[in-house]
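Trainee: For reference, this is model-v3.tsv, and it has TSV, C-alpha atoms.
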```tsv
chain	number	residue	atom	x	y	z
A	1	MET	CA	106.35	235.71	88.51
A	2	GLU	CA	104.09	233.29	90.34
A	3	SER	CA	105.06	229.66	90.58
A	4	SER	CA	102.53	226.89	90.34
A	5	THR	CA	102.61	223.40	91.77
A	6	THR	CA	100.62	220.36	90.84
A	7	THR	CA	99.31	218.18	93.66
A	8	PRO	CA	99.07	214.50	92.71
A	9	ASP	CA	95.62	213.01	92.99
A	10	LEU	CA	95.00	211.21	96.24
A	11	ILE	CA	95.03	207.43	96.26
A	12	ARG	CA	91.47	206.33	96.97
A	13	ASP	CA	91.39	202.70	95.86
A	14	ILE	CA	94.06	200.21	96.92
A	15	THR	CA	94.09	196.57	95.90
A	16	VAL	CA	96.26	194.07	97.78
A	17	LEU	CA	97.06	190.58	96.48
A	18	SER	CA	97.34	188.66	99.72
A	19	GLY	CA	98.26	185.34	101.17
A	20	GLY	CA	97.58	184.46	104.80
A	21	MET	CA	99.64	185.53	107.79
A	22	GLY	CA	102.10	187.92	106.14
A	23	GLY	CA	99.47	189.55	103.98
A	24	ALA	CA	96.99	189.85	106.85
A	25	LYS	CA	99.56	191.47	109.11
A	26	PHE	CA	100.50	193.94	106.39
A	27	LEU	CA	96.84	194.76	105.84
A	28	GLN	CA	96.46	195.56	109.54
A	29	GLY	CA	99.23	198.11	109.25
A	30	LEU	CA	97.91	199.53	105.98
A	31	LEU	CA	94.43	200.05	107.42
A	32	HIS	CA	95.94	201.49	110.61
A	33	GLY	CA	97.93	203.95	108.55
A	34	ILE	CA	94.89	205.02	106.54
A	35	SER	CA	92.78	205.61	109.65
A	36	ALA	CA	95.63	207.42	111.43
A	37	GLY	CA	96.38	209.59	108.41
A	38	THR	CA	100.03	208.54	108.30
A	39	LEU	CA	100.13	207.51	104.65
A	40	PRO	CA	100.98	210.64	102.65
A	41	GLY	CA	99.07	210.75	99.40
A	42	VAL	CA	96.39	208.30	100.56
A	43	ALA	CA	92.87	209.61	101.18
A	44	ALA	CA	91.47	209.29	104.68
A	45	ASP	CA	88.48	207.42	103.26
A	46	ALA	CA	90.51	205.19	100.94
A	47	ARG	CA	88.97	201.84	100.08
A	48	VAL	CA	90.96	198.62	100.26
A	49	THR	CA	90.15	195.50	98.26
A	50	VAL	CA	91.92	192.28	99.17
A	51	VAL	CA	92.27	189.54	96.56
A	52	ALA	CA	93.19	186.44	98.55
A	53	ASN	CA	94.89	183.22	97.53
A	54	THR	CA	92.62	180.18	97.49
A	55	CYS	CA	95.07	177.52	96.26
A	56	ASP	CA	95.66	176.51	99.90
A	57	ASP	CA	91.98	175.52	100.16
A	58	TRP	CA	90.94	171.94	100.70
A	59	TYR	CA	88.18	169.74	102.09
A	60	VAL	CA	88.73	168.10	105.47
A	61	HIS	CA	86.09	166.06	107.32
A	62	GLY	CA	83.70	167.10	104.57
A	63	LEU	CA	84.19	170.80	105.25
A	64	LYS	CA	85.56	173.43	102.88
A	65	VAL	CA	88.53	175.11	104.57
A	66	CYS	CA	89.97	178.34	103.11
A	67	PRO	CA	93.05	179.11	105.22
A	68	ASP	CA	94.14	182.39	103.63
A	69	LEU	CA	90.64	183.84	103.31
A	70	ASP	CA	89.96	182.98	106.94
A	71	THR	CA	93.29	184.30	108.21
A	72	VAL	CA	92.66	187.66	106.55
A	73	MET	CA	89.04	187.72	107.71
A	74	TYR	CA	89.79	186.76	111.32
A	75	THR	CA	92.82	189.05	111.55
A	76	LEU	CA	91.07	192.17	110.27
A	77	GLY	CA	87.91	191.23	112.18
A	78	ASP	CA	89.85	190.96	115.47
A	79	GLY	CA	89.14	187.27	115.95
A	80	ILE	CA	92.53	185.73	115.12
A	81	ASP	CA	94.65	183.78	117.57
A	82	LEU	CA	97.60	186.16	117.85
A	83	ASP	CA	100.05	183.55	119.13
A	84	ARG	CA	99.45	181.02	116.36
A	85	GLY	CA	98.74	183.60	113.66
A	86	TRP	CA	95.83	181.50	112.36
A	87	GLY	CA	92.52	180.18	113.63
A	88	ARG	CA	90.22	181.61	116.25
A	89	ARG	CA	91.15	183.21	119.53
A	90	GLU	CA	90.12	181.37	122.73
A	91	GLU	CA	89.75	178.19	120.70
A	92	THR	CA	88.93	174.74	122.06
A	93	TRP	CA	89.61	171.40	120.38
A	94	SER	CA	86.96	168.95	121.56
A	95	ALA	CA	85.83	167.94	118.06
A	96	LYS	CA	89.42	167.33	116.94
A	97	GLU	CA	90.08	165.16	119.99
A	98	GLU	CA	86.91	163.13	119.46
A	99	LEU	CA	87.69	162.56	115.79
A	100	ALA	CA	91.16	161.35	116.75
A	101	ARG	CA	89.63	158.89	119.23
A	102	TYR	CA	87.57	157.49	116.38
A	103	GLY	CA	90.77	157.16	114.37
A	104	VAL	CA	89.53	159.54	111.66
A	105	GLU	CA	92.29	160.98	109.53
A	106	PRO	CA	93.85	163.44	109.13
A	107	THR	CA	94.69	163.67	112.81
A	108	TRP	CA	97.53	166.09	112.06
A	109	PHE	CA	95.21	168.84	110.80
A	110	GLY	CA	93.22	170.50	113.56
A	111	LEU	CA	89.91	172.27	113.21
A	112	GLY	CA	89.05	174.19	116.34
A	113	ASP	CA	85.51	174.11	117.68
A	114	ARG	CA	84.86	177.79	116.98
A	115	ASP	CA	86.57	177.63	113.59
A	116	ILE	CA	84.37	174.70	112.57
A	117	ALA	CA	81.34	176.99	112.65
A	118	THR	CA	82.80	179.09	109.84
A	119	HIS	CA	83.56	175.99	107.76
A	120	LEU	CA	80.07	174.58	108.34
A	121	VAL	CA	78.42	177.79	107.18
A	122	ARG	CA	80.72	178.04	104.16
A	123	THR	CA	80.20	174.42	103.14
A	124	GLN	CA	76.43	174.59	103.50
A	125	LEU	CA	76.26	177.71	101.33
A	126	LEU	CA	78.55	176.18	98.72
A	127	ASP	CA	76.43	173.02	98.69
A	128	ALA	CA	73.37	175.21	98.17
A	129	GLY	CA	74.93	176.51	94.96
A	130	TYR	CA	76.38	179.85	96.02
A	131	PRO	CA	79.85	180.64	94.62
A	132	LEU	CA	82.78	181.15	96.98
A	133	SER	CA	82.82	184.91	96.32
A	134	GLN	CA	79.23	185.30	97.52
A	135	VAL	CA	79.86	183.00	100.48
A	136	THR	CA	82.90	185.07	101.45
A	137	GLN	CA	80.83	188.23	101.24
A	138	ALA	CA	78.25	186.69	103.56
A	139	LEU	CA	80.88	185.65	106.11
A	140	CYS	CA	82.43	189.13	106.00
A	141	GLU	CA	79.10	190.67	106.99
A	142	ARG	CA	79.95	189.39	110.45
A	143	TRP	CA	83.70	189.91	110.48
A	144	LEU	CA	84.52	193.01	108.43
A	145	ALA	CA	81.38	195.06	107.72
A	146	PRO	CA	80.80	196.27	111.32
A	147	ALA	CA	84.22	197.92	111.53
A	148	TYR	CA	84.92	198.89	107.92
A	149	GLY	CA	81.62	199.10	106.07
A	150	ASP	CA	82.26	199.33	102.33
A	151	ARG	CA	85.83	200.57	102.82
A	152	LEU	CA	87.18	197.00	102.94
A	153	THR	CA	86.30	194.16	100.58
A	154	LEU	CA	87.66	190.61	100.69
A	155	LEU	CA	87.54	188.61	97.45
A	156	PRO	CA	88.74	185.10	96.66
A	157	MET	CA	90.99	185.07	93.62
A	158	THR	CA	88.64	182.58	91.93
A	159	ASP	CA	85.38	180.77	92.55
A	160	ASP	CA	86.83	177.67	90.91
A	161	ARG	CA	88.56	174.85	92.72
A	162	ALA	CA	92.33	175.10	92.42
A	163	GLU	CA	94.85	173.51	94.76
A	164	THR	CA	98.58	173.56	95.41
A	165	HIS	CA	100.32	170.20	95.62
A	166	VAL	CA	103.96	169.50	96.36
A	167	ALA	CA	106.10	166.65	95.04
A	168	ILE	CA	108.52	165.20	97.59
A	169	ALA	CA	110.96	162.31	97.50
A	170	ASP	CA	109.54	158.93	98.54
A	171	PRO	CA	111.74	155.86	97.89
A	172	GLU	CA	108.78	153.54	98.46
A	173	GLU	CA	106.98	154.89	95.40
A	174	PRO	CA	107.85	153.47	91.94
A	175	SER	CA	108.60	156.97	90.67
A	176	GLY	CA	110.64	157.84	93.73
A	177	LYS	CA	108.28	160.72	94.41
A	178	ARG	CA	104.99	161.34	96.15
A	179	VAL	CA	102.66	164.27	95.67
A	180	VAL	CA	100.96	165.72	98.76
A	181	HIS	CA	98.51	168.54	99.22
A	182	PHE	CA	100.08	171.81	100.29
A	183	GLN	CA	98.44	171.53	103.71
A	184	GLU	CA	100.12	168.20	104.36
A	185	TYR	CA	103.46	169.64	103.27
A	186	TRP	CA	103.05	172.68	105.50
A	187	VAL	CA	101.27	171.29	108.56
A	188	ARG	CA	102.28	167.62	108.83
A	189	LEU	CA	105.73	167.79	107.25
A	190	ARG	CA	106.37	171.36	108.46
A	191	ALA	CA	108.07	172.13	105.14
A	192	GLU	CA	111.13	170.29	106.42
A	193	VAL	CA	111.28	167.96	103.42
A	194	PRO	CA	112.69	169.47	100.21
A	195	ALA	CA	109.99	170.40	97.73
A	196	GLU	CA	111.04	168.94	94.39
A	197	THR	CA	108.16	170.36	92.37
A	198	VAL	CA	105.16	172.57	93.08
A	199	VAL	CA	102.04	171.61	91.14
A	200	PHE	CA	99.03	173.88	90.83
A	201	VAL	CA	96.05	171.64	90.10
A	202	GLY	CA	93.22	173.33	88.21
A	203	LEU	CA	94.82	176.78	88.32
A	204	ASP	CA	95.25	177.04	84.56
A	205	GLN	CA	91.51	176.39	84.11
A	206	ALA	CA	90.35	178.85	86.78
A	207	THR	CA	88.67	182.16	86.05
A	208	PRO	CA	88.93	185.31	88.17
A	209	ALA	CA	86.16	185.70	90.73
A	210	PRO	CA	83.64	188.49	90.11
A	211	GLY	CA	85.12	191.88	90.90
A	212	VAL	CA	88.75	190.77	90.90
A	213	ILE	CA	89.80	192.13	87.50
A	214	GLU	CA	87.91	195.36	88.17
A	215	ALA	CA	89.62	195.71	91.54
A	216	ILE	CA	93.00	195.59	89.80
A	217	THR	CA	92.27	197.69	86.73
A	218	GLY	CA	90.26	200.25	88.69
A	219	ALA	CA	92.74	200.72	91.51
A	220	ASP	CA	94.98	203.71	92.15
A	221	LEU	CA	97.58	201.46	93.76
A	222	VAL	CA	98.19	197.69	93.64
A	223	VAL	CA	100.29	196.17	96.41
A	224	LEU	CA	102.07	192.83	96.59
A	225	PRO	CA	102.57	192.42	100.35
A	226	PRO	CA	105.27	190.27	101.97
A	227	SER	CA	103.33	187.07	101.28
A	228	ASN	CA	104.84	183.90	99.82
A	229	PRO	CA	105.79	184.77	96.22
A	230	VAL	CA	105.22	181.22	94.95
A	231	VAL	CA	102.20	179.72	96.73
A	232	SER	CA	100.36	182.93	97.70
A	233	VAL	CA	100.95	185.91	95.40
A	234	GLY	CA	102.26	183.57	92.71
A	235	THR	CA	99.04	181.58	92.59
A	236	ILE	CA	96.94	184.73	92.45
A	237	LEU	CA	98.95	185.94	89.47
A	238	GLY	CA	98.60	182.43	88.04
A	239	VAL	CA	94.84	182.74	87.59
A	240	PRO	CA	94.42	183.30	83.82
A	241	GLY	CA	93.89	187.00	83.17
A	242	LEU	CA	95.16	188.32	86.50
A	243	ARG	CA	98.79	188.84	85.54
A	244	ASP	CA	97.67	190.60	82.36
A	245	ALA	CA	95.36	192.82	84.44
A	246	VAL	CA	98.25	193.80	86.72
A	247	ARG	CA	100.43	194.58	83.73
A	248	ALA	CA	97.69	196.66	82.10
A	249	THR	CA	96.35	198.58	85.10
A	250	GLY	CA	96.79	202.33	85.22
A	251	ALA	CA	97.68	201.97	88.91
A	252	ARG	CA	101.22	201.85	90.16
A	253	VAL	CA	102.25	198.38	91.35
A	254	VAL	CA	104.56	198.06	94.34
A	255	GLY	CA	105.72	195.07	96.36
A	256	LEU	CA	107.47	194.38	99.66
A	257	SER	CA	110.04	191.64	99.99
A	258	PRO	CA	109.17	188.58	102.10
A	259	ILE	CA	112.90	187.79	102.20
A	260	VAL	CA	114.97	189.67	104.76
A	261	GLY	CA	118.66	188.95	104.83
A	262	SER	CA	119.09	185.45	103.47
A	263	SER	CA	115.72	183.89	104.31
A	264	HIS	CA	112.04	184.43	105.03
A	265	VAL	CA	110.88	185.94	108.29
A	266	ARG	CA	108.13	183.38	108.73
A	267	GLY	CA	106.66	180.64	106.60
A	268	MET	CA	108.35	178.75	103.79
A	269	ALA	CA	109.23	181.22	101.05
A	270	ALA	CA	112.82	179.95	100.94
A	271	GLN	CA	111.74	176.35	100.33
A	272	MET	CA	109.25	177.34	97.65
A	273	LEU	CA	111.66	179.66	95.85
A	274	THR	CA	114.28	176.91	95.82
A	275	SER	CA	111.76	174.50	94.31
A	276	ILE	CA	111.25	176.77	91.29
A	277	GLY	CA	114.90	177.73	90.94
A	278	VAL	CA	114.63	181.34	92.12
A	279	GLU	CA	117.40	182.95	94.13
A	280	VAL	CA	116.44	183.24	97.80
A	281	SER	CA	117.07	186.95	98.27
A	282	ALA	CA	115.12	190.17	98.28
A	283	ALA	CA	116.44	191.02	94.83
A	284	GLY	CA	115.81	187.48	93.59
A	285	VAL	CA	112.11	187.72	94.41
A	286	GLY	CA	111.76	191.20	92.94
A	287	LEU	CA	113.52	190.17	89.73
A	288	ASN	CA	111.33	187.08	89.49
A	289	TYR	CA	108.24	189.29	89.58
A	290	GLY	CA	109.95	191.51	87.01
A	291	ALA	CA	109.55	195.11	85.92
A	292	ARG	CA	106.31	196.07	84.22
A	293	ALA	CA	108.32	197.90	81.60
A	294	GLN	CA	109.92	194.52	80.74
A	295	GLY	CA	106.75	192.40	80.82
A	296	GLY	CA	106.74	191.77	84.58
A	297	VAL	CA	104.37	193.13	87.21
A	298	LEU	CA	106.35	195.59	89.36
A	299	ASP	CA	106.92	199.32	89.25
A	300	GLY	CA	108.56	199.39	92.67
A	301	TRP	CA	110.02	196.95	95.21
A	302	LEU	CA	110.93	197.55	98.84
A	303	VAL	CA	113.72	195.57	100.47
A	304	ASP	CA	114.79	195.58	104.09
A	305	GLU	CA	117.52	197.98	105.13
A	306	ARG	CA	119.92	195.09	105.66
A	307	ASP	CA	119.50	194.27	101.96
A	308	ALA	CA	120.35	197.78	100.76
A	309	ASP	CA	123.21	196.42	98.66
A	310	GLN	CA	120.62	194.76	96.39
A	311	VAL	CA	118.85	197.98	95.38
A	312	ALA	CA	121.19	198.62	92.46
A	313	ARG	CA	120.40	195.21	90.89
A	314	LEU	CA	116.70	195.97	90.99
A	315	GLU	CA	117.08	199.46	89.58
A	316	ALA	CA	119.26	198.12	86.77
A	317	ALA	CA	116.36	195.82	85.85
A	318	GLY	CA	113.94	198.75	85.63
A	319	ILE	CA	112.33	198.40	89.07
A	320	ALA	CA	112.32	201.40	91.41
A	321	ALA	CA	113.71	200.19	94.71
A	322	ALA	CA	114.46	201.40	98.22
A	323	ALA	CA	115.70	199.87	101.46
A	324	VAL	CA	113.61	200.48	104.58
A	325	PRO	CA	112.83	198.55	107.79
A	326	LEU	CA	110.52	195.68	106.82
A	327	MET	CA	109.89	194.00	110.15
A	328	MET	CA	106.20	194.14	111.04
A	329	THR	CA	106.76	194.50	114.78
A	330	ASP	CA	103.58	196.52	115.41
A	331	HIS	CA	100.88	198.42	113.52
A	332	ASP	CA	102.89	201.64	113.40
A	333	ALA	CA	105.96	199.91	111.99
A	334	THR	CA	103.83	198.17	109.38
A	335	ALA	CA	102.05	201.42	108.50
A	336	ALA	CA	105.47	202.98	107.98
A	337	MET	CA	106.24	200.18	105.51
A	338	ALA	CA	103.01	200.94	103.66
A	339	ALA	CA	103.87	204.65	103.60
A	340	ALA	CA	107.30	203.84	102.15
A	341	ALA	CA	105.67	201.68	99.47
A	342	VAL	CA	103.35	204.54	98.49
A	343	ALA	CA	106.22	207.04	98.43
A	344	LEU	CA	108.37	204.78	96.26
A	345	VAL	CA	105.91	204.73	93.36
A	346	ARG	CA	104.38	208.20	93.71
```
Is it possible to give me this structure as structure tokens?
Mentor:
Amino acid sequence: MESSTTTPDLIRDITVLSGGMGGAKFLQGLLHGISAGTLPGVAADARVTVVANTCDDWYVHGLKVCPDLDTVMYTLGDGIDLDRGWGRREETWSAKEELARYGVEPTWFGLGDRDIATHLVRTQLLDAGYPLSQVTQALCERWLAPAYGDRLTLLPMTDDRAETHVAIADPEEPSGKRVVHFQEYWVRLRAEVPAETVVFVGLDQATPAPGVIEAITGADLVVLPPSNPVVSVGTILGVPGLRDAVRATGARVVGLSPIVGSSHVRGMAAQMLTSIGVEVSAAGVGLNYGARAQGGVLDGWLVDERDADQVARLEAAGIAAAAVPLMMTDHDATAAMAAAAVALVR
């Protein structure tokens, strides 16, 4: 008697909901794994769509700055400053220094001379009436199209203006609190002041940018990379309609924990999780996202091998889970993480 086997269909369309540094680094490994053929079940010509957080965006010196969009674009376009993890490589700071000499604030936020060119082009196009999604596409013609063609697409989560603000204690204010833009909290205050409340201005009125819903519902796999679960992935899911699209997609949805051990590897996930009352642990983040079968967004969740004791909690909540190395030390290590994520939900 002959036996028959069924080969699962190859994954050809992957959508990643990304923040800045962590998401960009994961995307490097994912794309490396696809090109090297080290992701079992993923087609060699698989297409990747990145939906990036734009709640970090703000205007500075009259220029529209999109930190997460630019970090993804520069990283995948081989223009990122590897030491800082943001901004342009071989940057100079003459404009910043001159502005400081004039006493123009904010002096704590630096725009490099090469980086300013991107912001000038973006701002001019926005002022001419083009939406952020079309402007991003135009910028990516330089940064992403030469290397990836149509196999990689970068989309802002929304064309609408939405911003993250953070409430901190300030005894000089009548309310005892002061609200600052996320960039001031992160860059000037270095996230060293407790965040009492996180406020997403305009997010509840935003609409998904063109192509975003289709990228989620038409994907074979949706990935939540190790980006900040509150102010990166959380804001993307906060755009009206996006969380519902993730819940409804026929794709499998898998995430990777940004918490390793008892804290984040880089960034401020611990501070942000504390501000919304979520346990700072790999399981805490996964449970906050929730199982799709229970109205959440996850089918699977990877934790680091040192958090293996938390797998049972996740599985009990209906989320497939596994413990693997989650340190993105190089492209091969990150590709191995991506392969483990695929394997978990296939």
Trainee: Quick one: residues within 9 Å of A:Val231, all atoms listed in the file counted, chain neighbours fewer than 2 positions away excluded, as a PyMOL selection string?
Mentor: chain A and resi 19+53+55-56+164+182+198+200+227-229+233-236+269+272
Trainee: Report, in Å with one decimal, the straight-line distance from atom CA of A:Gly176 to atom CA of A:Glu279.
Mentor: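 Atom-to-atom, atom CA of A:Gly176 to atom CA of A:Glu279, that is 26.0 Å.
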Trainee: Between A:Arg151, A:Arg88, A:Arg142, A:Arg114, which is the closest to A:Arg47 once you count all atoms listed in the file?
Mentor: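 Among the listed residues, the smallest separation from A:Arg47 belongs to A:Arg151.
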Trainee: Go through A:Val135, A:Ala52, A:Leu76, A:Leu10 one by one, measure the shortest atom-to-atom distance of each to A:Pro225 using only C-alpha atoms, and give the residue with the smallest value.
Mentor: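 The answer is A:Ala52, which sits nearest to A:Pro225.
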Trainee: For stretch 32-40 of chain A, find every residue with an atom within 8 Å (counting all atoms listed in the file), except residues of its own chain fewer than 5 positions away, and show them as a list of chain:residue names.
Mentor: A:Asp45, A:Ala46, A:His331, A:Asp332, A:Ala335, A:Ala336, A:Ala338, A:Ala339, A:Val342, A:Ala343
Trainee: If you measure from atom CA of A:Ala219 to atom CA of A:Gly286, what distance in Å do you get, rounded to one decimal?
Mentor: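 Distance between the two atoms: 21.3 Å.
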Trainee: Rank nothing, just name the residue among A:Met268, A:Ala215, A:Val278, A:Leu237 nearest to A:Gly250, using all atoms listed in the file.
Mentor: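 Result for the nearest residue to A:Gly250: A:Ala215.
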Trainee: Considering all atoms listed in the file, can you say which of A:Ser175, A:Ser257, A:Thr107, A:Gln310 comes closest to A:Phe26?
Mentor: A:Ser257
Trainee: Every residue with an atom at most 9 Å from (92.0, 171.5, 112.6) (file coordinates; all atoms listed in the file) is what I'm after, so could you write them as a ChimeraX atom specification?
Mentor: /A:60,87,93,95-96,106-113,115-116
Trainee: When you count only C-alpha atoms, which of these residues is closest to A:Leu224: A:Val180, A:Val303, A:Ala293, A:Leu298?
Mentor: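 With only C-alpha atoms as the atom set, the closest residue is A:Leu298.
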Trainee: Show which residues sit within 6 Å of A:Val16, as a list in words. Count only C-alpha atoms, and ignore same-chain residues fewer than 5 positions away.
Mentor: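 Final neighbour list, sorted by chain and number: Val50, Val222 and Val223 of chain A.
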Trainee: Just want the 12 Å neighbourhood of A:Glu141, counted on all atoms listed in the file, with same-chain residues fewer than 4 positions away dropped. Output as a ChimeraX atom specification.
Mentor: /A:73,77,134-137,145-150,152-154
Trainee: Please write the residues from the selection above to a file, keeping C-alpha atoms, as a PDB file, in the frame of the given file.
Mentor:
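And here's out.pdb as it stands now:
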```
ATOM      1  CA  MET A  73      89.040 187.720 107.710  1.00  0.00           C
ATOM      2  CA  GLY A  77      87.910 191.230 112.180  1.00  0.00           C
ATOM      3  CA  GLN A 134      79.230 185.300  97.520  1.00  0.00           C
ATOM      4  CA  VAL A 135      79.860 183.000 100.480  1.00  0.00           C
ATOM      5  CA  THR A 136      82.900 185.070 101.450  1.00  0.00           C
ATOM      6  CA  GLN A 137      80.830 188.230 101.240  1.00  0.00           C
ATOM      7  CA  ALA A 145      81.380 195.060 107.720  1.00  0.00           C
ATOM      8  CA  PRO A 146      80.800 196.270 111.320  1.00  0.00           C
ATOM      9  CA  ALA A 147      84.220 197.920 111.530  1.00  0.00           C
ATOM     10  CA  TYR A 148      84.920 198.890 107.920  1.00  0.00           C
ATOM     11  CA  GLY A 149      81.620 199.100 106.070  1.00  0.00           C
ATOM     12  CA  ASP A 150      82.260 199.330 102.330  1.00  0.00           C
ATOM     13  CA  LEU A 152      87.180 197.000 102.940  1.00  0.00           C
ATOM     14  CA  THR A 153      86.300 194.160 100.580  1.00  0.00           C
ATOM     15  CA  LEU A 154      87.660 190.610 100.690  1.00  0.00           C
TER      16      LEU A 154
END
```
Trainee: Would you mind putting all heavy atoms back on stretch 142-149 of chain A and writing the result as a PDB file, keeping the file's coordinate frame?
Mentor:
```pdb
ATOM      1  N   ARG A 142      79.695 189.492 109.011  1.00  0.00           N
ATOM      2  CA  ARG A 142      79.950 189.390 110.450  1.00  0.00           C
ATOM      3  C   ARG A 142      81.303 189.975 110.816  1.00  0.00           C
ATOM      4  O   ARG A 142      81.421 190.725 111.786  1.00  0.00           O
ATOM      5  CB  ARG A 142      79.882 187.934 110.888  1.00  0.00           C
ATOM      6  CG  ARG A 142      80.331 187.762 112.339  1.00  0.00           C
ATOM      7  CD  ARG A 142      80.487 186.321 112.756  1.00  0.00           C
ATOM      8  NE  ARG A 142      81.022 186.235 114.105  1.00  0.00           N
ATOM      9  CZ  ARG A 142      81.341 185.101 114.707  1.00  0.00           C
ATOM     10  NH1 ARG A 142      81.182 183.949 114.074  1.00  0.00           N
ATOM     11  NH2 ARG A 142      81.833 185.108 115.933  1.00  0.00           N
ATOM     12  N   TRP A 143      82.335 189.640 110.045  1.00  0.00           N
ATOM     13  CA  TRP A 143      83.700 189.910 110.480  1.00  0.00           C
ATOM     14  C   TRP A 143      84.229 191.277 110.091  1.00  0.00           C
ATOM     15  O   TRP A 143      84.979 191.900 110.861  1.00  0.00           O
ATOM     16  CB  TRP A 143      84.632 188.821 109.941  1.00  0.00           C
ATOM     17  CG  TRP A 143      84.442 187.524 110.639  1.00  0.00           C
ATOM     18  CD1 TRP A 143      83.766 186.425 110.193  1.00  0.00           C
ATOM     19  CD2 TRP A 143      84.895 187.197 111.954  1.00  0.00           C
ATOM     20  NE1 TRP A 143      83.769 185.435 111.131  1.00  0.00           N
ATOM     21  CE2 TRP A 143      84.466 185.882 112.228  1.00  0.00           C
ATOM     22  CE3 TRP A 143      85.629 187.884 112.929  1.00  0.00           C
ATOM     23  CZ2 TRP A 143      84.744 185.242 113.431  1.00  0.00           C
ATOM     24  CZ3 TRP A 143      85.914 187.244 114.118  1.00  0.00           C
ATOM     25  CH2 TRP A 143      85.471 185.937 114.364  1.00  0.00           C
ATOM     26  N   LEU A 144      83.892 191.781 108.915  1.00  0.00           N
ATOM     27  CA  LEU A 144      84.520 193.010 108.430  1.00  0.00           C
ATOM     28  C   LEU A 144      83.569 194.194 108.336  1.00  0.00           C
ATOM     29  O   LEU A 144      83.964 195.331 108.615  1.00  0.00           O
ATOM     30  CB  LEU A 144      85.157 192.761 107.053  1.00  0.00           C
ATOM     31  CG  LEU A 144      86.195 191.639 106.987  1.00  0.00           C
ATOM     32  CD1 LEU A 144      86.793 191.553 105.588  1.00  0.00           C
ATOM     33  CD2 LEU A 144      87.285 191.828 108.025  1.00  0.00           C
ATOM     34  N   ALA A 145      82.315 193.957 107.944  1.00  0.00           N
ATOM     35  CA  ALA A 145      81.380 195.060 107.720  1.00  0.00           C
ATOM     36  C   ALA A 145      81.168 195.945 108.953  1.00  0.00           C
ATOM     37  O   ALA A 145      81.104 197.175 108.826  1.00  0.00           O
ATOM     38  CB  ALA A 145      80.046 194.531 107.207  1.00  0.00           C
ATOM     39  N   PRO A 146      81.056 195.389 110.164  1.00  0.00           N
ATOM     40  CA  PRO A 146      80.800 196.270 111.320  1.00  0.00           C
ATOM     41  C   PRO A 146      81.877 197.320 111.532  1.00  0.00           C
ATOM     42  O   PRO A 146      81.578 198.449 111.936  1.00  0.00           O
ATOM     43  CB  PRO A 146      80.746 195.285 112.495  1.00  0.00           C
ATOM     44  CG  PRO A 146      80.297 193.992 111.878  1.00  0.00           C
ATOM     45  CD  PRO A 146      80.982 193.958 110.543  1.00  0.00           C
ATOM     46  N   ALA A 147      83.136 196.979 111.278  1.00  0.00           N
ATOM     47  CA  ALA A 147      84.220 197.920 111.530  1.00  0.00           C
ATOM     48  C   ALA A 147      84.570 198.770 110.311  1.00  0.00           C
ATOM     49  O   ALA A 147      84.974 199.923 110.454  1.00  0.00           O
ATOM     50  CB  ALA A 147      85.470 197.164 112.000  1.00  0.00           C
ATOM     51  N   TYR A 148      84.405 198.209 109.110  1.00  0.00           N
ATOM     52  CA  TYR A 148      84.920 198.890 107.920  1.00  0.00           C
ATOM     53  C   TYR A 148      83.849 199.295 106.919  1.00  0.00           C
ATOM     54  O   TYR A 148      84.143 200.082 106.001  1.00  0.00           O
ATOM     55  CB  TYR A 148      85.944 197.997 107.205  1.00  0.00           C
ATOM     56  CG  TYR A 148      87.129 197.649 108.061  1.00  0.00           C
ATOM     57  CD1 TYR A 148      87.230 196.394 108.678  1.00  0.00           C
ATOM     58  CD2 TYR A 148      88.154 198.564 108.277  1.00  0.00           C
ATOM     59  CE1 TYR A 148      88.324 196.072 109.465  1.00  0.00           C
ATOM     60  CE2 TYR A 148      89.248 198.248 109.058  1.00  0.00           C
ATOM     61  CZ  TYR A 148      89.325 196.991 109.654  1.00  0.00           C
ATOM     62  OH  TYR A 148      90.406 196.674 110.440  1.00  0.00           O
ATOM     63  N   GLY A 149      82.646 198.765 107.041  1.00  0.00           N
ATOM     64  CA  GLY A 149      81.620 199.100 106.070  1.00  0.00           C
ATOM     65  C   GLY A 149      82.050 198.705 104.670  1.00  0.00           C
ATOM     66  O   GLY A 149      82.566 197.613 104.453  1.00  0.00           O
TER      67      GLY A 149
END
```
